[in-house]
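Undergrad: What follows is model_18.txt; its format and atoms are compact mmCIF, C-alpha atoms and all ligand atoms.
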# COMPACT_ATOMS: atom_id res chain seq x y z
CA MET W 1 96.30 113.86 128.77
CA THR W 2 98.41 116.83 127.74
CA PRO W 3 98.94 116.97 123.98
CA THR W 4 102.53 116.65 122.84
CA ARG W 5 103.92 119.81 121.26
CA LEU W 6 105.04 119.03 117.73
CA PRO W 7 108.40 120.33 116.55
CA ALA W 8 108.01 123.49 114.44
CA ALA W 9 109.71 121.83 111.46
CA MET W 10 107.16 119.00 111.52
CA ARG W 11 104.26 121.47 111.72
CA ARG W 12 105.64 123.44 108.77
CA ARG W 13 106.11 120.25 106.74
CA VAL W 14 102.55 119.02 107.36
CA ILE W 15 101.10 122.42 106.49
CA ALA W 16 103.28 122.76 103.39
CA GLU W 17 102.10 119.39 102.09
CA SER W 18 98.43 120.17 102.73
CA HIS W 19 97.80 122.40 99.70
CA ASP W 20 96.22 124.74 102.26
CA ARG W 21 93.08 122.69 102.54
CA CYS W 22 91.39 120.59 105.18
CA ALA W 23 92.21 116.92 104.68
CA TYR W 24 88.60 115.95 105.42
CA CYS W 25 86.26 118.55 103.87
CA HIS W 26 88.77 120.10 101.43
CA THR W 27 87.88 123.63 102.49
CA THR W 28 90.80 125.86 101.60
CA THR W 29 92.28 128.68 103.60
CA ALA W 30 92.02 130.87 100.50
CA VAL W 31 88.21 130.91 100.72
CA THR W 32 87.80 131.01 104.50
CA GLY W 33 90.78 133.04 105.63
CA ALA W 34 90.90 130.73 108.63
CA GLN W 35 94.05 128.88 109.61
CA LEU W 36 94.06 125.11 109.55
CA VAL W 37 95.09 123.10 112.58
CA ILE W 38 97.28 120.03 112.86
CA ASP W 39 95.23 116.88 113.36
CA HIS W 40 96.47 113.58 114.72
CA ILE W 41 94.69 111.10 112.43
CA ILE W 42 94.86 108.50 115.18
CA PRO W 43 94.46 110.68 118.28
CA GLU W 44 97.22 110.77 120.85
CA SER W 45 94.66 109.51 123.37
CA ALA W 46 94.35 106.36 121.25
CA GLY W 47 98.11 105.94 120.91
CA GLY W 48 98.65 108.00 117.76
CA GLN W 49 102.14 109.41 117.39
CA GLY W 50 103.33 112.80 116.22
CA VAL W 51 104.87 111.35 113.08
CA ARG W 52 104.27 112.50 109.53
CA GLU W 53 102.14 109.49 108.60
CA ASN W 54 99.75 110.26 111.45
CA LEU W 55 99.43 114.00 110.89
CA CYS W 56 97.32 116.10 108.59
CA VAL W 57 95.71 119.51 108.62
CA ALA W 58 92.04 120.07 109.32
CA CYS W 59 89.70 123.01 109.53
CA HIS W 60 88.45 123.89 113.00
CA SER W 61 85.03 122.40 112.30
CA CYS W 62 86.33 119.00 111.18
CA ASN W 63 88.87 118.94 113.99
CA GLU W 64 86.21 119.68 116.61
CA PHE W 65 83.69 117.16 115.31
CA LYS W 66 86.33 114.46 114.89
CA GLY W 67 87.73 114.91 118.38
CA ALA W 68 89.20 111.62 119.55
CA GLN W 69 87.07 109.48 117.25
CA THR W 70 88.64 106.84 115.03
CA HIS W 71 85.39 105.04 114.16
CA ALA W 72 81.75 105.97 113.66
CA SER W 73 78.59 104.28 112.45
CA ASP W 74 77.97 103.98 108.75
CA PRO W 75 74.53 105.63 108.52
CA MET W 76 73.50 103.12 105.84
CA THR W 77 74.25 99.97 107.83
CA GLY W 78 74.71 101.15 111.41
CA LYS W 79 77.98 99.24 111.58
CA PRO W 80 81.01 100.76 113.31
CA THR W 81 83.39 101.88 110.60
CA ARG W 82 86.85 103.37 110.56
CA LEU W 83 86.88 107.07 109.72
CA PHE W 84 88.59 108.33 106.59
CA HIS W 85 92.38 108.26 106.78
CA PRO W 86 93.71 111.36 104.99
CA ARG W 87 96.72 109.42 103.72
CA ARG W 88 94.26 107.53 101.50
CA GLN W 89 92.65 108.86 98.35
CA TRP W 90 89.77 111.24 99.11
CA ILE W 91 88.07 110.53 95.79
CA GLU W 92 87.80 106.82 96.61
CA HIS W 93 85.49 107.64 99.52
CA PHE W 94 83.79 110.91 98.60
CA ARG W 95 82.46 112.97 95.75
CA TRP W 96 80.80 116.35 95.52
CA SER W 97 77.08 116.72 94.87
CA GLU W 98 76.16 118.04 91.44
CA ASP W 99 75.98 121.62 92.71
CA GLY W 100 79.22 121.21 94.69
CA THR W 101 77.66 122.04 98.03
CA GLU W 102 77.59 118.64 99.72
CA ILE W 103 80.11 115.85 100.21
CA ILE W 104 78.62 112.47 99.34
CA GLY W 105 80.08 109.42 101.09
CA LEU W 106 80.66 106.64 98.55
CA THR W 107 81.89 103.92 100.91
CA PRO W 108 81.11 102.92 104.51
CA THR W 109 84.17 104.96 105.56
CA GLY W 110 83.02 107.91 103.47
CA ARG W 111 79.48 107.84 104.84
CA ALA W 112 80.64 107.41 108.46
CA THR W 113 83.07 110.32 108.06
CA VAL W 114 80.48 112.63 106.48
CA SER W 115 78.18 111.90 109.40
CA ALA W 116 80.70 111.96 112.26
CA LEU W 117 82.51 115.11 111.12
CA ASN W 118 79.25 116.80 110.09
CA LEU W 119 80.80 117.60 106.71
CA ASN W 120 77.53 118.99 105.37
CA HIS W 121 76.40 121.20 108.23
CA PRO W 122 74.08 124.02 107.06
CA LEU W 123 76.64 126.82 107.51
CA ILE W 124 79.30 125.19 105.34
CA VAL W 125 76.75 124.13 102.70
CA GLU W 126 75.61 127.75 102.40
CA ALA W 127 79.22 128.93 102.19
CA ARG W 128 79.98 126.33 99.49
CA ARG W 129 76.92 127.46 97.55
CA ARG W 130 78.29 131.00 97.47
CA TRP W 131 81.84 129.84 96.66
CA ALA W 132 80.53 127.70 93.78
CA ILE W 133 78.74 130.71 92.27
CA VAL W 134 82.02 132.54 91.86
CA GLY W 135 83.97 129.43 90.82
CA TRP W 136 86.01 128.97 93.99
CA HIS W 137 84.50 125.59 94.79
CA PRO W 138 84.64 122.62 94.61
CA PRO W 139 88.43 122.31 94.45
CA LEU W 140 89.61 121.53 90.93
CA GLU W 141 91.45 118.41 92.12
CA ASP W 142 88.15 116.86 93.21
CA VAL W 143 86.12 117.20 90.02
ZN ZN W 201 87.26 120.45 107.27
What do you get writing this file as structure tokens?
TA:
Amino acid sequence: MTPTRLPAAMRRRVIAESHDRCAYCHTTTAVTGAQLVIDHIIPESAGGQGVRENLCVACHSCNEFKGAQTHASDPMTGKPTRLFHPRRQWIEHFRWSEDGTEIIGLTPTGRATVSALNLNHPLIVEARRRWAIVGWHPPLEDV
């Protein structure tokens, strides 16, 4: 399936509303210098449309790990669970560890998303550790 090209105005709008951070892991472009990508929350392959309500921005890591997934197993129960929908409140499903390096899933959706998107892979945890030392992390909106 060939992805649909989004209109430039829609891309700009989604990026402008993102606060320059990944909708899933909240990594900001200011600390990575890496551009975010547009993510279809419900993938086009699963019928998701290129409309504002179904679009968010994601870092490359989250986008790659998410792929076409909409559900994953909650590691606590093993039950298939819907992944986090970025139009919902992040803080209802996640919190930062005390040292700000790891994302803790608070709900089945939060835990499934942490696992499926590998939100605490060793490279990002080490980067967050360094960002926290200089006060760049976690994002102020999350604490
Ligand atoms: Zn991310």
Undergrad: One decimal, Å: what's the distance from CA of Ala16 (chain W) over to CA of Leu106 (chain W), could you say?
TA: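 It comes out at 28.2 Å.
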Undergrad: State, in Å with one decimal place, the distance from CA of Ala8 (chain W) to CA of Leu83 (chain W).
TA: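 Interatomic distance here is 27.2 Å.
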Undergrad: Is there a way to get, as number ranges by chain, all residues within 12 Å of the point (106.8, 118.2, 115.7) in file coordinates, counting all atoms listed in the file?
TA: W: 3-15, 38-40, 49-52, 54-55
Undergrad: Using all atoms listed in the file, can you tell me which of W:Asn63, W:Ala58, W:Gln69, W:Thr101 comes closest to Thr29 (chain W)?
TA: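 Ranking W:Asn63, W:Ala58, W:Gln69, W:Thr101 by distance to Thr29 (chain W), first place goes to W:Ala58.
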Undergrad: Can I get the residues close to ligand ZN 201 (chain W) as a PyMOL selection string, where close means within 12 Å and we count all atoms listed in the file?
TA: chain W and resi 20-29+32+34-39+56-66+86+103+113-114+116-121+124
Undergrad: Which residue gives the smallest distance to Thr70 (chain W) among W:Val31, W:Leu140, W:Ile42, W:Val125, with all atoms listed in the file counted?
TA: W:Ile42
Undergrad: Could you please determine the separation between CA of Glu44 (chain W) and CA of Ser73 (chain W) in Å, to one decimal place?
TA: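 Going from CA of Glu44 (chain W) over to CA of Ser73 (chain W) covers 21.4 Å.
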Undergrad: Just want the 10 Å neighbourhood of Pro108 (chain W), counted on only C-alpha atoms, with same-chain residues fewer than 6 positions away dropped. Output as number ranges by chain.
TA: W: 72-84, 93, 114
Undergrad: Which residue gives the smallest distance to Leu123 (chain W) among W:Ile91, W:His85, W:Glu102, W:Ser18, with only C-alpha atoms counted?
TA: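 Of W:Ile91, W:His85, W:Glu102, W:Ser18, the one nearest Leu123 (chain W) is W:Glu102, counting only C-alpha atoms.
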Undergrad: Which one is closest to Trp131 (chain W): W:His19, W:Arg88, W:Glu98, W:Ala30? Count only C-alpha atoms.
TA: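 Looking at the shortest contact to Trp131 (chain W), the residue is W:Ala30.
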Undergrad: Would you fill out region 27-58 of chain W with N, CA and C atoms and return it as a PDB file, keeping the file's coordinate frame?
TA:
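See part.pdb below for the written result:
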ATOM      1  N   THR W  27      88.010 122.173 102.439  1.00  0.00           N
ATOM      2  CA  THR W  27      87.880 123.630 102.490  1.00  0.00           C
ATOM      3  C   THR W  27      89.280 124.230 102.514  1.00  0.00           C
ATOM      4  N   THR W  28      89.477 125.259 101.693  1.00  0.00           N
ATOM      5  CA  THR W  28      90.800 125.860 101.600  1.00  0.00           C
ATOM      6  C   THR W  28      90.877 127.141 102.421  1.00  0.00           C
ATOM      7  N   THR W  29      92.083 127.438 102.847  1.00  0.00           N
ATOM      8  CA  THR W  29      92.280 128.680 103.600  1.00  0.00           C
ATOM      9  C   THR W  29      92.027 129.892 102.711  1.00  0.00           C
ATOM     10  N   ALA W  30      92.209 129.732 101.407  1.00  0.00           N
ATOM     11  CA  ALA W  30      92.020 130.870 100.500  1.00  0.00           C
ATOM     12  C   ALA W  30      90.570 131.359 100.511  1.00  0.00           C
ATOM     13  N   VAL W  31      89.609 130.466 100.726  1.00  0.00           N
ATOM     14  CA  VAL W  31      88.210 130.910 100.720  1.00  0.00           C
ATOM     15  C   VAL W  31      87.706 131.266 102.109  1.00  0.00           C
ATOM     16  N   THR W  32      88.301 130.715 103.155  1.00  0.00           N
ATOM     17  CA  THR W  32      87.800 131.010 104.500  1.00  0.00           C
ATOM     18  C   THR W  32      88.630 132.066 105.218  1.00  0.00           C
ATOM     19  N   GLY W  33      89.894 132.149 104.895  1.00  0.00           N
ATOM     20  CA  GLY W  33      90.780 133.040 105.630  1.00  0.00           C
ATOM     21  C   GLY W  33      91.109 132.522 107.013  1.00  0.00           C
ATOM     22  N   ALA W  34      90.661 131.312 107.314  1.00  0.00           N
ATOM     23  CA  ALA W  34      90.900 130.730 108.630  1.00  0.00           C
ATOM     24  C   ALA W  34      92.069 129.747 108.561  1.00  0.00           C
ATOM     25  N   GLN W  35      92.924 129.798 109.559  1.00  0.00           N
ATOM     26  CA  GLN W  35      94.050 128.880 109.610  1.00  0.00           C
ATOM     27  C   GLN W  35      93.571 127.453 109.852  1.00  0.00           C
ATOM     28  N   LEU W  36      94.300 126.519 109.288  1.00  0.00           N
ATOM     29  CA  LEU W  36      94.060 125.110 109.550  1.00  0.00           C
ATOM     30  C   LEU W  36      94.826 124.699 110.797  1.00  0.00           C
ATOM     31  N   VAL W  37      94.410 123.604 111.393  1.00  0.00           N
ATOM     32  CA  VAL W  37      95.090 123.100 112.580  1.00  0.00           C
ATOM     33  C   VAL W  37      95.679 121.722 112.268  1.00  0.00           C
ATOM     34  N   ILE W  38      96.695 121.357 113.022  1.00  0.00           N
ATOM     35  CA  ILE W  38      97.280 120.030 112.860  1.00  0.00           C
ATOM     36  C   ILE W  38      96.385 119.015 113.553  1.00  0.00           C
ATOM     37  N   ASP W  39      96.080 117.944 112.838  1.00  0.00           N
ATOM     38  CA  ASP W  39      95.230 116.880 113.360  1.00  0.00           C
ATOM     39  C   ASP W  39      96.040 115.592 113.455  1.00  0.00           C
ATOM     40  N   HIS W  40      95.939 114.933 114.606  1.00  0.00           N
ATOM     41  CA  HIS W  40      96.470 113.580 114.720  1.00  0.00           C
ATOM     42  C   HIS W  40      95.396 112.641 114.165  1.00  0.00           C
ATOM     43  N   ILE W  41      95.679 111.963 113.083  1.00  0.00           N
ATOM     44  CA  ILE W  41      94.690 111.100 112.430  1.00  0.00           C
ATOM     45  C   ILE W  41      94.226 110.032 113.431  1.00  0.00           C
ATOM     46  N   ILE W  42      95.157 109.329 114.012  1.00  0.00           N
ATOM     47  CA  ILE W  42      94.860 108.500 115.180  1.00  0.00           C
ATOM     48  C   ILE W  42      95.199 109.371 116.377  1.00  0.00           C
ATOM     49  N   PRO W  43      94.219 109.736 117.184  1.00  0.00           N
ATOM     50  CA  PRO W  43      94.460 110.680 118.280  1.00  0.00           C
ATOM     51  C   PRO W  43      95.538 110.185 119.248  1.00  0.00           C
ATOM     52  N   GLU W  44      96.215 111.134 119.849  1.00  0.00           N
ATOM     53  CA  GLU W  44      97.220 110.770 120.850  1.00  0.00           C
ATOM     54  C   GLU W  44      96.588 109.939 121.958  1.00  0.00           C
ATOM     55  N   SER W  45      95.333 110.254 122.298  1.00  0.00           N
ATOM     56  CA  SER W  45      94.660 109.510 123.370  1.00  0.00           C
ATOM     57  C   SER W  45      94.438 108.053 123.006  1.00  0.00           C
ATOM     58  N   ALA W  46      94.495 107.748 121.716  1.00  0.00           N
ATOM     59  CA  ALA W  46      94.350 106.360 121.250  1.00  0.00           C
ATOM     60  C   ALA W  46      95.703 105.778 120.837  1.00  0.00           C
ATOM     61  N   GLY W  47      96.782 106.466 121.198  1.00  0.00           N
ATOM     62  CA  GLY W  47      98.110 105.940 120.910  1.00  0.00           C
ATOM     63  C   GLY W  47      98.754 106.487 119.651  1.00  0.00           C
ATOM     64  N   GLY W  48      98.085 107.427 118.979  1.00  0.00           N
ATOM     65  CA  GLY W  48      98.650 108.000 117.760  1.00  0.00           C
ATOM     66  C   GLY W  48      99.887 108.832 118.064  1.00  0.00           C
ATOM     67  N   GLN W  49     100.867 108.730 117.203  1.00  0.00           N
ATOM     68  CA  GLN W  49     102.140 109.410 117.390  1.00  0.00           C
ATOM     69  C   GLN W  49     102.206 110.699 116.566  1.00  0.00           C
ATOM     70  N   GLY W  50     103.112 111.549 116.955  1.00  0.00           N
ATOM     71  CA  GLY W  50     103.330 112.800 116.220  1.00  0.00           C
ATOM     72  C   GLY W  50     104.291 112.621 115.079  1.00  0.00           C
ATOM     73  N   VAL W  51     104.015 111.627 114.245  1.00  0.00           N
ATOM     74  CA  VAL W  51     104.870 111.350 113.080  1.00  0.00           C
ATOM     75  C   VAL W  51     104.107 111.730 111.815  1.00  0.00           C
ATOM     76  N   ARG W  52     104.853 111.999 110.774  1.00  0.00           N
ATOM     77  CA  ARG W  52     104.270 112.500 109.530  1.00  0.00           C
ATOM     78  C   ARG W  52     103.084 111.661 109.068  1.00  0.00           C
ATOM     79  N   GLU W  53     103.192 110.369 109.109  1.00  0.00           N
ATOM     80  CA  GLU W  53     102.140 109.490 108.600  1.00  0.00           C
ATOM     81  C   GLU W  53     100.845 109.605 109.394  1.00  0.00           C
ATOM     82  N   ASN W  54     100.941 110.152 110.602  1.00  0.00           N
ATOM     83  CA  ASN W  54      99.750 110.260 111.450  1.00  0.00           C
ATOM     84  C   ASN W  54      99.269 111.712 111.580  1.00  0.00           C
ATOM     85  N   LEU W  55      99.804 112.591 110.766  1.00  0.00           N
ATOM     86  CA  LEU W  55      99.430 114.000 110.890  1.00  0.00           C
ATOM     87  C   LEU W  55      98.840 114.514 109.591  1.00  0.00           C
ATOM     88  N   CYS W  56      97.876 115.406 109.736  1.00  0.00           N
ATOM     89  CA  CYS W  56      97.320 116.100 108.590  1.00  0.00           C
ATOM     90  C   CYS W  56      96.851 117.464 109.075  1.00  0.00           C
ATOM     91  N   VAL W  57      96.303 118.250 108.189  1.00  0.00           N
ATOM     92  CA  VAL W  57      95.710 119.510 108.620  1.00  0.00           C
ATOM     93  C   VAL W  57      94.196 119.397 108.467  1.00  0.00           C
ATOM     94  N   ALA W  58      93.504 120.084 109.340  1.00  0.00           N
ATOM     95  CA  ALA W  58      92.040 120.070 109.320  1.00  0.00           C
ATOM     96  C   ALA W  58      91.536 121.478 109.638  1.00  0.00           C
TER      97      ALA W  58
END
